[in-house]
$ cat upload-v1.pdb   # PDB, C-alpha atoms
ATOM      1  CA  GLN U   1     -96.977 -92.717 -81.604
ATOM      2  CA  VAL U   2     -97.032 -88.947 -81.833
ATOM      3  CA  GLN U   3     -96.207 -87.089 -78.647
ATOM      4  CA  LEU U   4     -96.415 -83.411 -77.808
ATOM      5  CA  VAL U   5     -93.428 -82.044 -75.912
ATOM      6  CA  GLU U   6     -93.846 -78.816 -73.986
ATOM      7  CA  SER U   7     -91.289 -76.386 -72.634
ATOM      8  CA  GLY U   8     -91.153 -72.938 -71.076
ATOM      9  CA  GLY U   9     -93.221 -73.197 -67.916
ATOM     10  CA  GLY U  10     -92.235 -71.619 -64.640
ATOM     11  CA  ALA U  11     -92.914 -68.879 -62.140
ATOM     12  CA  VAL U  12     -93.278 -65.199 -62.850
ATOM     13  CA  GLN U  13     -94.490 -62.086 -61.101
ATOM     14  CA  ALA U  14     -97.760 -60.487 -62.077
ATOM     15  CA  GLY U  15     -97.328 -58.250 -65.097
ATOM     16  CA  GLY U  16     -94.509 -60.361 -66.453
ATOM     17  CA  SER U  17     -94.273 -62.510 -69.561
ATOM     18  CA  LEU U  18     -93.622 -66.141 -70.387
ATOM     19  CA  ARG U  19     -93.509 -68.105 -73.599
ATOM     20  CA  LEU U  20     -94.599 -71.733 -73.888
ATOM     21  CA  SER U  21     -93.517 -73.946 -76.740
ATOM     22  CA  CYS U  22     -94.831 -77.277 -77.909
ATOM     23  CA  ARG U  23     -93.579 -79.474 -80.696
ATOM     24  CA  SER U  24     -94.725 -82.818 -81.977
ATOM     25  CA  THR U  25     -92.230 -85.687 -82.085
ATOM     26  CA  GLU U  26     -93.233 -86.274 -85.703
ATOM     27  CA  LYS U  27     -95.430 -84.562 -88.235
ATOM     28  CA  ILE U  28     -99.131 -84.931 -87.462
ATOM     29  CA  TYR U  29    -100.915 -85.818 -90.683
ATOM     30  CA  GLY U  30    -104.421 -84.508 -91.010
ATOM     31  CA  LEU U  31    -103.815 -81.917 -88.308
ATOM     32  CA  ASN U  32    -106.743 -79.553 -87.883
ATOM     33  CA  THR U  33    -106.378 -77.542 -84.705
ATOM     34  CA  MET U  34    -103.416 -76.994 -82.413
ATOM     35  CA  GLY U  35    -103.136 -74.869 -79.328
ATOM     36  CA  TRP U  36    -103.303 -74.685 -75.564
ATOM     37  CA  TYR U  37    -105.642 -75.596 -72.736
ATOM     38  CA  ARG U  38    -105.195 -75.013 -69.035
ATOM     39  CA  ARG U  39    -106.529 -76.393 -65.791
ATOM     40  CA  THR U  40    -106.679 -74.822 -62.372
ATOM     41  CA  PRO U  41    -107.168 -76.886 -59.206
ATOM     42  CA  GLY U  42    -110.742 -78.050 -58.887
ATOM     43  CA  SER U  43    -111.675 -77.000 -62.406
ATOM     44  CA  GLU U  44    -112.070 -78.654 -65.752
ATOM     45  CA  ARG U  45    -109.500 -78.185 -68.464
ATOM     46  CA  GLU U  46    -110.471 -75.156 -70.569
ATOM     47  CA  PRO U  47    -109.296 -73.893 -73.958
ATOM     48  CA  VAL U  48    -106.974 -70.905 -73.808
ATOM     49  CA  ALA U  49    -105.760 -70.306 -77.353
ATOM     50  CA  LEU U  50    -106.249 -72.361 -80.503
ATOM     51  CA  GLN U  51    -105.266 -72.038 -84.148
ATOM     52  CA  THR U  52    -106.860 -73.932 -87.026
ATOM     53  CA  ASN U  53    -105.424 -74.934 -90.389
ATOM     54  CA  GLY U  54    -106.746 -71.808 -92.014
ATOM     55  CA  GLY U  55    -104.918 -69.633 -89.529
ATOM     56  CA  ALA U  56    -107.999 -68.644 -87.574
ATOM     57  CA  THR U  57    -107.318 -68.154 -83.890
ATOM     58  CA  SER U  58    -109.594 -68.235 -80.896
ATOM     59  CA  TYR U  59    -108.863 -67.103 -77.371
ATOM     60  CA  ALA U  60    -110.504 -67.400 -74.004
ATOM     61  CA  ARG U  61    -112.063 -64.064 -73.162
ATOM     62  CA  SER U  62    -109.879 -63.734 -70.084
ATOM     63  CA  VAL U  63    -106.648 -63.812 -72.113
ATOM     64  CA  GLN U  64    -107.644 -61.792 -75.182
ATOM     65  CA  GLY U  65    -105.169 -59.031 -75.858
ATOM     66  CA  ARG U  66    -102.565 -60.592 -73.564
ATOM     67  CA  PHE U  67    -101.845 -64.018 -75.086
ATOM     68  CA  THR U  68    -100.790 -64.804 -78.646
ATOM     69  CA  VAL U  69    -100.774 -68.260 -80.207
ATOM     70  CA  VAL U  70     -98.491 -69.014 -83.136
ATOM     71  CA  ARG U  71     -98.541 -72.308 -84.984
ATOM     72  CA  THR U  72     -95.843 -73.531 -87.368
ATOM     73  CA  ASP U  73     -96.226 -76.583 -89.585
ATOM     74  CA  ALA U  74     -92.823 -77.791 -90.725
ATOM     75  CA  GLN U  75     -91.879 -80.741 -92.903
ATOM     76  CA  ASP U  76     -91.128 -83.044 -89.981
ATOM     77  CA  GLU U  77     -92.978 -81.542 -87.036
ATOM     78  CA  ASN U  78     -95.789 -79.294 -85.926
ATOM     79  CA  ARG U  79     -95.188 -76.592 -83.371
ATOM     80  CA  VAL U  80     -97.321 -74.175 -81.410
ATOM     81  CA  ASP U  81     -96.083 -71.389 -79.168
ATOM     82  CA  LEU U  82     -98.004 -69.323 -76.656
ATOM     83  CA  GLN U  83     -96.709 -65.861 -75.830
ATOM     84  CA  MET U  84     -98.202 -64.738 -72.547
ATOM     85  CA  ASP U  85     -97.881 -61.082 -71.571
ATOM     86  CA  ASP U  86     -99.231 -59.073 -68.648
ATOM     87  CA  LEU U  87     -99.719 -62.254 -66.657
ATOM     88  CA  LYS U  88    -102.198 -62.196 -63.804
ATOM     89  CA  ASP U  89    -102.617 -64.303 -60.677
ATOM     90  CA  GLU U  90    -105.616 -66.007 -62.253
ATOM     91  CA  ASP U  91    -103.423 -67.298 -65.090
ATOM     92  CA  THR U  92    -101.821 -69.699 -62.624
ATOM     93  CA  ALA U  93    -102.589 -73.181 -63.943
ATOM     94  CA  VAL U  94    -101.204 -76.254 -65.599
ATOM     95  CA  TYR U  95    -101.037 -75.579 -69.330
ATOM     96  CA  TYR U  96    -101.473 -78.388 -71.837
ATOM     97  CA  CYS U  97    -100.535 -78.466 -75.468
ATOM     98  CA  TYR U  98    -103.356 -79.825 -77.633
ATOM     99  CA  ALA U  99    -103.702 -81.086 -81.173
ATOM    100  CA  VAL U 100    -106.529 -82.735 -83.066
ATOM    101  CA  ALA U 101    -106.314 -84.579 -86.345
ATOM    102  CA  GLY U 102    -109.513 -86.239 -87.479
ATOM    103  CA  LEU U 103    -110.664 -88.460 -84.615
ATOM    104  CA  SER U 104    -107.269 -88.373 -82.890
ATOM    105  CA  ILE U 105    -106.622 -86.000 -80.017
ATOM    106  CA  TYR U 106    -103.155 -85.447 -78.604
ATOM    107  CA  TRP U 107    -102.182 -83.872 -75.298
ATOM    108  CA  GLY U 108     -98.890 -82.712 -73.877
ATOM    109  CA  GLN U 109     -97.870 -83.721 -70.395
ATOM    110  CA  GLY U 110     -98.692 -80.314 -68.940
ATOM    111  CA  THR U 111     -96.473 -77.541 -67.666
ATOM    112  CA  GLN U 112     -97.052 -75.447 -64.549
ATOM    113  CA  ILE U 113     -97.340 -71.675 -64.753
ATOM    114  CA  THR U 114     -97.368 -69.839 -61.427
ATOM    115  CA  VAL U 115     -98.040 -66.111 -61.297
ATOM    116  CA  SER U 116     -97.505 -64.287 -58.030
ATOM    117  CA  SER U 117     -98.316 -60.724 -57.107
TER     118      SER U 117
END

$ encode --input "upload-v1.pdb" --output "structure tokens"
Amino acid sequence: QVQLVESGGGAVQAGGSLRLSCRSTEKIYGLNTMGWYRRTPGSEREPVALQTNGGATSYARSVQGRFTVVRTDAQDENRVDLQMDDLKDEDTAVYYCYAVAGLSIYWGQGTQITVSS
């Protein structure tokens, strides 16, 4: 069973940077899209940054110009990183790695990002 393993969460002051990483425990065959969602208390999980097979990226409007998603498909794993710069208080959330392959959707366990001003 494929799992997504996240790393890199933590606390940072507003204006700072963090980098999240996610790797699959084995190669995901038929992978289409990989990226990151986030959820704040009382809200639904929302897409933050995604990258498709063709390299196309999409970002939530609130993070455009500040976040960069980079996906790497290796022989034995798939990986997606999220570089987050100029972090704001409103970026505080639990971030989830996400991957979809055909009808299969995979989620990471979630990692907390806390931004304080």

$ residues_around --input "upload-v1.pdb" --residues "Gly108 (chain U)" --least-positions-apart "4" --cutoff "12 Å" --atoms "only C-alpha atoms" --output "PDB file with C-alpha atoms, in the coordinates of the input"
ATOM      1  CA  VAL U   2     -97.032 -88.947 -81.833  1.00  0.00           C
ATOM      2  CA  GLN U   3     -96.207 -87.089 -78.647  1.00  0.00           C
ATOM      3  CA  LEU U   4     -96.415 -83.411 -77.808  1.00  0.00           C
ATOM      4  CA  VAL U   5     -93.428 -82.044 -75.912  1.00  0.00           C
ATOM      5  CA  GLU U   6     -93.846 -78.816 -73.986  1.00  0.00           C
ATOM      6  CA  SER U   7     -91.289 -76.386 -72.634  1.00  0.00           C
ATOM      7  CA  LEU U  20     -94.599 -71.733 -73.888  1.00  0.00           C
ATOM      8  CA  SER U  21     -93.517 -73.946 -76.740  1.00  0.00           C
ATOM      9  CA  CYS U  22     -94.831 -77.277 -77.909  1.00  0.00           C
ATOM     10  CA  ARG U  23     -93.579 -79.474 -80.696  1.00  0.00           C
ATOM     11  CA  SER U  24     -94.725 -82.818 -81.977  1.00  0.00           C
ATOM     12  CA  THR U  25     -92.230 -85.687 -82.085  1.00  0.00           C
ATOM     13  CA  MET U  34    -103.416 -76.994 -82.413  1.00  0.00           C
ATOM     14  CA  GLY U  35    -103.136 -74.869 -79.328  1.00  0.00           C
ATOM     15  CA  TRP U  36    -103.303 -74.685 -75.564  1.00  0.00           C
ATOM     16  CA  TYR U  37    -105.642 -75.596 -72.736  1.00  0.00           C
ATOM     17  CA  ARG U  38    -105.195 -75.013 -69.035  1.00  0.00           C
ATOM     18  CA  ARG U  79     -95.188 -76.592 -83.371  1.00  0.00           C
ATOM     19  CA  VAL U  80     -97.321 -74.175 -81.410  1.00  0.00           C
ATOM     20  CA  VAL U  94    -101.204 -76.254 -65.599  1.00  0.00           C
ATOM     21  CA  TYR U  95    -101.037 -75.579 -69.330  1.00  0.00           C
ATOM     22  CA  TYR U  96    -101.473 -78.388 -71.837  1.00  0.00           C
ATOM     23  CA  CYS U  97    -100.535 -78.466 -75.468  1.00  0.00           C
ATOM     24  CA  TYR U  98    -103.356 -79.825 -77.633  1.00  0.00           C
ATOM     25  CA  ALA U  99    -103.702 -81.086 -81.173  1.00  0.00           C
ATOM     26  CA  VAL U 100    -106.529 -82.735 -83.066  1.00  0.00           C
ATOM     27  CA  GLN U 112     -97.052 -75.447 -64.549  1.00  0.00           C
TER      28      GLN U 112
END

$ atom_distance --input "upload-v1.pdb" --atom1 "CA of Trp107 (chain U)" --atom2 "CA of Thr92 (chain U)"
19.0 Å

$ residues_near_point --input "upload-v1.pdb" --point "(-106.2, -63.4, -72.1)" --cutoff "10 Å" --atoms "only C-alpha atoms" --output "NGL selection string"
:U and (48-49 or 59-68 or 84-88 or 91)

$ residues_around --input "upload-v1.pdb" --residues "Asp73 (chain U)" --least-positions-apart "3" --cutoff "12 Å" --atoms "all atoms listed in the file" --output "list in words"
Cys22, Arg23, Ser24, Glu26, Lys27, Ile28, Tyr29, Gly30, Leu31, Asn32, Thr33, Met34, Gln51, Thr52, Asn53, Gly54, Gly55, Val70, Asp76, Glu77, Asn78, Arg79, Val80 and Asp81 of chain U

$ atom_distance --input "upload-v1.pdb" --atom1 "CA of Arg19 (chain U)" --atom2 "CA of Pro41 (chain U)"
21.7 Å

$ atom_distance --input "upload-v1.pdb" --atom1 "CA of Glu46 (chain U)" --atom2 "CA of Ala74 (chain U)"
26.9 Å

$ build_atoms --input "upload-v1.pdb" --residues "region 16-27 of chain U" --atoms "all heavy atoms" --output "short mmCIF file (atom, residue, chain, number, x, y, z; two decimals), keeping the file's coordinate frame"
data_model
loop_
_atom_site.label_atom_id
_atom_site.label_comp_id
_atom_site.auth_asym_id
_atom_site.auth_seq_id
_atom_site.Cartn_x
_atom_site.Cartn_y
_atom_site.Cartn_z
N GLY U 16 -95.62 -59.84 -65.67
CA GLY U 16 -94.51 -60.36 -66.45
C GLY U 16 -94.97 -61.17 -67.65
O GLY U 16 -96.17 -61.26 -67.94
N SER U 17 -94.00 -61.76 -68.34
CA SER U 17 -94.27 -62.51 -69.56
C SER U 17 -93.60 -63.88 -69.51
O SER U 17 -92.56 -64.04 -68.86
CB SER U 17 -93.75 -61.75 -70.79
OG SER U 17 -94.39 -60.51 -70.94
N LEU U 18 -94.20 -64.82 -70.19
CA LEU U 18 -93.62 -66.14 -70.39
C LEU U 18 -94.00 -66.61 -71.78
O LEU U 18 -95.01 -66.17 -72.35
CB LEU U 18 -94.14 -67.14 -69.36
CG LEU U 18 -93.55 -67.12 -67.95
CD1 LEU U 18 -94.30 -68.12 -67.07
CD2 LEU U 18 -92.06 -67.45 -67.98
N ARG U 19 -93.20 -67.52 -72.30
CA ARG U 19 -93.51 -68.10 -73.60
C ARG U 19 -93.46 -69.62 -73.46
O ARG U 19 -92.45 -70.19 -73.02
CB ARG U 19 -92.51 -67.64 -74.65
CG ARG U 19 -92.87 -68.08 -76.07
CD ARG U 19 -91.88 -67.50 -77.07
NE ARG U 19 -92.21 -67.81 -78.46
CZ ARG U 19 -92.96 -67.04 -79.23
NH1 ARG U 19 -93.43 -65.90 -78.75
NH2 ARG U 19 -93.21 -67.38 -80.48
N LEU U 20 -94.53 -70.27 -73.86
CA LEU U 20 -94.60 -71.73 -73.89
C LEU U 20 -94.39 -72.21 -75.32
O LEU U 20 -94.85 -71.57 -76.27
CB LEU U 20 -95.95 -72.23 -73.39
CG LEU U 20 -96.32 -71.90 -71.94
CD1 LEU U 20 -97.71 -72.45 -71.62
CD2 LEU U 20 -95.30 -72.48 -70.99
N SER U 21 -93.71 -73.33 -75.43
CA SER U 21 -93.52 -73.95 -76.74
C SER U 21 -93.94 -75.40 -76.68
O SER U 21 -93.80 -76.06 -75.65
CB SER U 21 -92.05 -73.85 -77.16
OG SER U 21 -91.67 -72.51 -77.38
N CYS U 22 -94.43 -75.88 -77.79
CA CYS U 22 -94.83 -77.28 -77.91
C CYS U 22 -94.50 -77.76 -79.31
O CYS U 22 -94.80 -77.08 -80.29
CB CYS U 22 -96.33 -77.40 -77.66
SG CYS U 22 -97.01 -79.03 -78.04
N ARG U 23 -93.86 -78.91 -79.38
CA ARG U 23 -93.58 -79.47 -80.70
C ARG U 23 -93.98 -80.94 -80.70
O ARG U 23 -93.92 -81.63 -79.68
CB ARG U 23 -92.10 -79.33 -81.05
CG ARG U 23 -91.17 -80.09 -80.12
CD ARG U 23 -89.75 -80.12 -80.66
NE ARG U 23 -88.89 -80.89 -79.80
CZ ARG U 23 -88.80 -82.22 -79.82
NH1 ARG U 23 -89.53 -82.93 -80.67
NH2 ARG U 23 -87.97 -82.84 -79.02
N SER U 24 -94.39 -81.40 -81.84
CA SER U 24 -94.72 -82.82 -81.98
C SER U 24 -93.45 -83.60 -82.28
O SER U 24 -92.53 -83.09 -82.91
CB SER U 24 -95.74 -83.01 -83.10
OG SER U 24 -95.22 -82.56 -84.34
N THR U 25 -93.41 -84.86 -81.85
CA THR U 25 -92.23 -85.69 -82.08
C THR U 25 -92.13 -86.15 -83.52
O THR U 25 -91.08 -86.62 -83.96
CB THR U 25 -92.23 -86.89 -81.15
OG1 THR U 25 -93.47 -87.58 -81.29
CG2 THR U 25 -92.05 -86.46 -79.69
N GLU U 26 -93.22 -86.02 -84.26
CA GLU U 26 -93.23 -86.27 -85.70
C GLU U 26 -94.39 -85.48 -86.29
O GLU U 26 -95.27 -85.01 -85.56
CB GLU U 26 -93.38 -87.76 -86.01
CG GLU U 26 -94.63 -88.39 -85.44
CD GLU U 26 -94.66 -89.90 -85.61
OE1 GLU U 26 -94.07 -90.60 -84.76
OE2 GLU U 26 -95.25 -90.37 -86.60
N LYS U 27 -94.38 -85.34 -87.57
CA LYS U 27 -95.43 -84.56 -88.24
C LYS U 27 -96.78 -85.24 -88.01
O LYS U 27 -96.90 -86.46 -88.12
CB LYS U 27 -95.16 -84.43 -89.72
CG LYS U 27 -96.12 -83.47 -90.41
CD LYS U 27 -95.73 -83.25 -91.84
CE LYS U 27 -96.67 -82.29 -92.54
NZ LYS U 27 -96.57 -80.94 -91.98
#
